[in-house]
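Encoded as structure tokens, the structure appears first; notes follow it.
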There are 2 protein chains.
Amino acid sequence: MPAYNKVTQTITEALRDICGKGSVFTDEEKTEAYSHDETDAAEYGRSPEVVVLPDSTEQVAQIVKLANKERIPITPRGAGSGLSGGAIPWFGGIVISLEKMNKLLELDKENMVAVVEAGIVTNDLATIVQDEGLFFAGYPMSLQTCVIGGNIAENAGGGKAVKYGVTGRYILGMELVTPEGEVVRLGGKVFKDVSGYDLKSLIIGSEGTLGIVTKAIVKLIAYPGARSDILALFRTPKEAIDVVPVILTHGVTPTSIEFMDQKSCIASCKYLNETLPYENCGAMLLIELDGNNGIRIEMDLIETGKLCKKHGALEVYVAEDKNNIERIWNVRRNVAEAWKVISPIQSLEDIVVPVSRIPEIIPELERIGKKYNMEIPCYGHAGDGNLHATLVKDPSMSMEDWKKNEADCLWELYQVTNKMGGKISGEHGIGIKRREYLKELIDPAELRMMQAIKKALDPNNIMNPGKIFT
Amino acid sequence: MPAYNKVTQTITEALRDICGKGSVFTDEEKTEAYSHDETDAAEYGRSPEVVVLPDSTEQVAQIVKLANKERIPITPRGAGSGLSGGAIPWFGGIVISLEKMNKLLELDKENMVAVVEAGIVTNDLATIVQDEGLFFAGYPMSLQTCVIGGNIAENAGGGKAVKYGVTGRYILGMELVTPEGEVVRLGGKVFKDVSGYDLKSLIIGSEGTLGIVTKAIVKLIAYPGARSDILALFRTPKEAIDVVPVILTHGVTPTSIEFMDQKSCIASCKYLNETLPYENCGAMLLIELDGNNGIRIEMDLIETGKLCKKHGALEVYVAEDKNNIERIWNVRRNVAEAWKVISPIQSLEDIVVPVSRIPEIIPELERIGKKYNMEIPCYGHAGDGNLHATLVKDPSMSMEDWKKNEADCLWELYQVTNKMGGKISGEHGIGIKRREYLKELIDPAELRMMQAIKKALDPNNIMNPGKIFT
């Protein structure tokens, strides 16, 4: 563990001078909420020594300068909705929460960009711009709670990535406080830029280890007013997945192609007291189409439905009205919650493999599950190979056995993923949870490059240490 | 100038041992071709001491290891079609040309990716995959000559960027030889990846200063079989440009929205002995629409045409047959060549500004042109604010005056661009040509970050020195 200094009374006072008394607190009662994120398993919790709520980039810069001088670790925090421990203060120190920096600063309709503070909730931005006929297409499933700064830190993906890509594609510029407390503006309201290194893209997905994003220039697109969904049932996961490349190569680009195996679908339906027609079906695809024109969507819908039928779908249901669309997506969105009811103890994964390998990895999940005596339901973003294989503890298993099995099972799952040319995290990040596994699987030369960059930009290693590889 | 060692006979022999006698040459006659790229102005030419043509990543790695040990500068080279001097051996040393590494290694239709060597010509890749109904959407105007490795080094843009984005969006992975001669594989056949820093995106656009890309995993999409073009004439550049955000916010996303002012159009038509209906029109938009379905394109075409008419277009011509489309695009593609006939001495620029600022910058070009006594025709990618303002020498002006005026004019142009929130290069890169200007305009904190990264990854500064800021 790196040698850091403790937050003294003097430092706390200095933080109060920077942010004001009401924005700095040290009492357990208040700091507890900042000791964890949404990652399963309590052992990831760590208490900060102090939590600070700055309301300007200048304040963030002053805090970082102070921490860098005093060698105190900093953990930047957005909504705390992360799933890999990125916002957990692993070495104590200062948590800088951006919750007060949650404003839309500018909506520039002519250029189709929004300038926001990093703490703005994704759905708040989405709602405001929708009133202007615009759409923010970086769209994590947790959009009700997650904030743009956190999405940038994790390069968050989500359900619409097949058509729209992930967060990074929509970040044109940012204001960053470097680990040494300098304020730097990267990018701008421009759609092309090769004037120097693409530092912006290096920061995106670096999990807050290279600086704190305080503002972002976000690219918007025209709001896709028309939408339809297809629910296609297949005999087996393989048959379902085999249709994905067929659809993509055909020319219609769905917004999303989501996958649920039978056990995930049944679990979620039970949980919601919902009924979807999943009898005798081993897997289903939920295919969303959107665009600016209902007639086009209608055409895409018919084409896509035909393709599914032609390639082995048992049944193809079309949902064009809001209610039915919402019903189906509700089932998909609640799979994780449903499994928590069956067993609250689990490990939510987000491995990503080449789309063509999904049919191979699904039987592997079966095999590994049996071997370690746990259920591994699988659902997720089939269209981009990003699967939420979820290790679920059998209620009868002792916690001790679970801990051991979970670790061994994850290691085997990650190795299999790696062998198939995949990556251990497609959208949740490495954080604390996957750090030790990443070190084992990553090309040592790649790791050395990352370490060299980290050292160059954060010589005292105070910026979110303990994450990814740090 | 950094202190580098010279290429001795011993080193040349060592290079021959690595690549074979026929792949290493030092005689002026042969090396001359590697002393420049397509950047205007002869003063950018510099002779390499030796040119090496490796045919494998392993050979590249051995060459780099040797050069790093001996402190000899390396200049990686693709097709030499660059427009900022990126492939020019500014400090002599070794030019590593990837011309022999030009193979398509794998076409993986199921995952819609191609694995290529960096020296493959863009159009060769495009042609092969088209036969399989696939499309490589990173599409520079120079696709007939440019190679994928060079496109990656410059993050090349092009005419289709409005809809498809630039090169970087289609690079899923790469094999890189680091400045210390290590071989590292970044990314993979996955569409999402947050397993560590996004080094791939840092390398893209770094102009060969952080390593040599030897292979790339390229994302393909379904080939858009249907295509139509609109030629819309407007009274003034302002009226033409004002339509761009109207189209983009309406929901139809054209493949490209190209802009030509009257003098560019007239020049190109004269050059081609072509006639476009440009009488009384001050500017024109060339709008391309493509997709997988003719009926949809037809609908987009009608909508877009109506929008142009409604917003002040004098005339709207539709080109749906190959010949007419080719005729119009030919005019657009040949603007630069046409001006070369009028005056071979010019400076081709690629400034990028927020789309909404284009109407403001065009009169500025007029003003600056008058001030420095030169024509500045303007054309380019209006849909993403990327303009090819081109400084053209008046044939009657002395070279001495031109040199002085060109420098002052560029400086003023870049300052104006910067003031409008733009960047001095949208797709051609900084290279040698814009290095000194970039240093003046860039945020010093951003420059320090770039320098720190460069030093961390290339401690001896042997990898393409003299470019961007190095």
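Residue numbering restarts at 1 for every chain of the structure tokens, chains are lettered A, B, ... in their displayed order, and ligands are numbered from 1 as they appear.
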With only C-alpha atoms considered, list every residue of chain B at most 7 Å from chain A, as a count of residues only. 54
Within 12 Å of B:Ile11, counting only C-alpha atoms, which residues show up once you throw out same-chain ones fewer than 2 positions away? Write them as an mmCIF file with C-alpha atoms, in the first residue's frame, please.
```cif
data_model
loop_
_atom_site.group_PDB
_atom_site.id
_atom_site.type_symbol
_atom_site.label_atom_id
_atom_site.label_comp_id
_atom_site.auth_asym_id
_atom_site.auth_seq_id
_atom_site.Cartn_x
_atom_site.Cartn_y
_atom_site.Cartn_z
ATOM 1 C CA ASN B 5 23.468 9.867 -33.634
ATOM 2 C CA LYS B 6 24.070 9.264 -37.312
ATOM 3 C CA VAL B 7 23.337 6.064 -39.164
ATOM 4 C CA THR B 8 26.731 4.393 -39.462
ATOM 5 C CA GLN B 9 27.747 1.663 -41.903
ATOM 6 C CA GLU B 13 24.479 -3.541 -42.005
ATOM 7 C CA ALA B 14 22.495 -4.408 -38.899
ATOM 8 C CA LEU B 15 19.342 -3.168 -40.655
ATOM 9 C CA ARG B 16 20.181 -5.379 -43.645
ATOM 10 C CA ASP B 17 20.568 -8.323 -41.279
ATOM 11 C CA ILE B 18 17.090 -7.595 -39.946
ATOM 12 C CA VAL B 24 17.377 -1.324 -47.022
ATOM 13 C CA THR B 26 20.736 4.657 -48.657
ATOM 14 C CA GLU B 49 19.859 8.586 -43.985
ATOM 15 C CA VAL B 50 18.402 5.180 -44.649
ATOM 16 C CA VAL B 52 13.939 0.351 -44.498
ATOM 17 C CA ILE B 63 14.604 -1.902 -36.086
ATOM 18 C CA VAL B 64 13.043 0.249 -33.365
ATOM 19 C CA LYS B 65 15.005 -1.511 -30.607
ATOM 20 C CA LEU B 66 18.208 -0.849 -32.527
ATOM 21 C CA ALA B 67 17.344 2.796 -33.213
ATOM 22 C CA ASN B 68 16.375 3.373 -29.587
ATOM 23 C CA LYS B 69 19.626 1.869 -28.369
ATOM 24 C CA GLU B 70 21.651 3.932 -30.853
ATOM 25 C CA ARG B 71 19.600 7.135 -30.390
ATOM 26 C CA ILE B 72 18.655 7.413 -34.053
ATOM 27 C CA GLY B 93 17.734 8.953 -39.438
ATOM 28 C CA ILE B 94 15.676 5.921 -40.424
#
```
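For A:Ala382, the set of protein, DNA and RNA residues having any atom at most 7 Å away, when counting only C-alpha atoms and skipping those fewer than 6 positions along the same chain, is A:Ile257, A:Glu258, A:Phe259.
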Can you list every residue in stretch 82-311 of chain A that DSSP puts in alpha helix (DSSP H), as number ranges by chain? A: 122-130, 148-154, 161-164, 199-203, 237-250, 262-272, 294-310
Residues within 9 Å of A:Leu272, only C-alpha atoms, excluding chain neighbours under 2 positions, as a VMD selection string: chain A and resid 267 to 270 274 to 275 330 to 331 334 338
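Counting from atom CA of B:Gly138, the distance to atom CA of A:Leu289 is 24.4 Å.
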I'd like to know which of A:Ala33, A:Ala407, A:Ile266, A:Val177 is closest to A:Arg332, using only C-alpha atoms. A:Ile266
Can you tell me, as JSON, numbers by chain, which residues in stretch 363-463 of chain B count as strand (DSSP E or B) by DSSP? {"B": [375, 379, 380, 381, 386, 387, 390, 391, 392, 423, 425, 463]}
Atomic separation - atom CA of A:Val341 relative to atom CA of A:Asn273, Å: 13.1 Å
Surrounding residues of B:Gln144 excluding itself and chain neighbours under 5 positions, 10 Å, only C-alpha atoms, as a ChimeraX atom specification: /B:121-124,126
Could you turn the residues from that selection into a file that holds all heavy atoms, as a tab-separated table (two decimals), in the first residue's frame?
```
chain	number	residue	atom	x	y	z
B	121	VAL	N	-3.76	-0.24	-48.76
B	121	VAL	CA	-4.37	0.97	-49.32
B	121	VAL	C	-5.86	0.97	-48.98
B	121	VAL	O	-6.53	-0.06	-49.11
B	121	VAL	CB	-4.16	1.03	-50.85
B	121	VAL	CG1	-4.95	2.17	-51.46
B	121	VAL	CG2	-2.67	1.16	-51.18
B	122	THR	N	-6.35	2.10	-48.52
B	122	THR	CA	-7.74	2.20	-48.06
B	122	THR	C	-8.71	1.65	-49.09
B	122	THR	O	-9.60	0.86	-48.76
B	122	THR	CB	-8.09	3.67	-47.76
B	122	THR	OG1	-7.08	4.21	-46.90
B	122	THR	CG2	-9.44	3.79	-47.10
B	123	ASN	N	-8.53	2.03	-50.34
B	123	ASN	CA	-9.47	1.60	-51.37
B	123	ASN	C	-9.38	0.11	-51.67
B	123	ASN	O	-10.37	-0.52	-52.04
B	123	ASN	CB	-9.25	2.40	-52.66
B	123	ASN	CG	-10.48	2.36	-53.56
B	123	ASN	OD1	-11.58	2.57	-53.08
B	123	ASN	ND2	-10.27	2.04	-54.82
B	124	ASP	N	-8.19	-0.48	-51.49
B	124	ASP	CA	-8.06	-1.94	-51.66
B	124	ASP	C	-8.91	-2.65	-50.63
B	124	ASP	O	-9.65	-3.58	-50.94
B	124	ASP	CB	-6.59	-2.37	-51.52
B	124	ASP	CG	-5.71	-1.84	-52.64
B	124	ASP	OD1	-6.28	-1.30	-53.62
B	124	ASP	OD2	-4.47	-1.95	-52.54
B	126	ALA	N	-11.49	-1.33	-49.04
B	126	ALA	CA	-12.89	-1.01	-49.34
B	126	ALA	C	-13.44	-1.91	-50.44
B	126	ALA	O	-14.56	-2.41	-50.34
B	126	ALA	CB	-13.01	0.46	-49.75
```
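Closest approach to A:Ala319 among A:Thr127, A:Thr12, A:Ser228, A:Thr470 is made by A:Ser228 (distances from only C-alpha atoms).
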Find the residue from B:Met284, B:Met374, B:Ala226, B:Met260 that sits nearest to B:Leu410; use only C-alpha atoms when measuring. B:Met374
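The shell of residues at most 10 Å from A:Ile361, with only C-alpha atoms counted and near chain neighbours (fewer than 6 positions) removed, consists of Lys238, Val353, Arg367, Leu387, Leu413, Val416, Thr417 and Met420 of chain A.
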Using only C-alpha atoms, pick whichever of A:Arg235, A:Lys215, A:Arg333, A:Lys370 has the shortest atom-to-atom distance to A:Asn102. A:Lys215
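Nearest to A:Ile368 of all the residues A:Gly149, A:Ile230, A:Asp408, A:Gly20 is A:Asp408, based on only C-alpha atoms.
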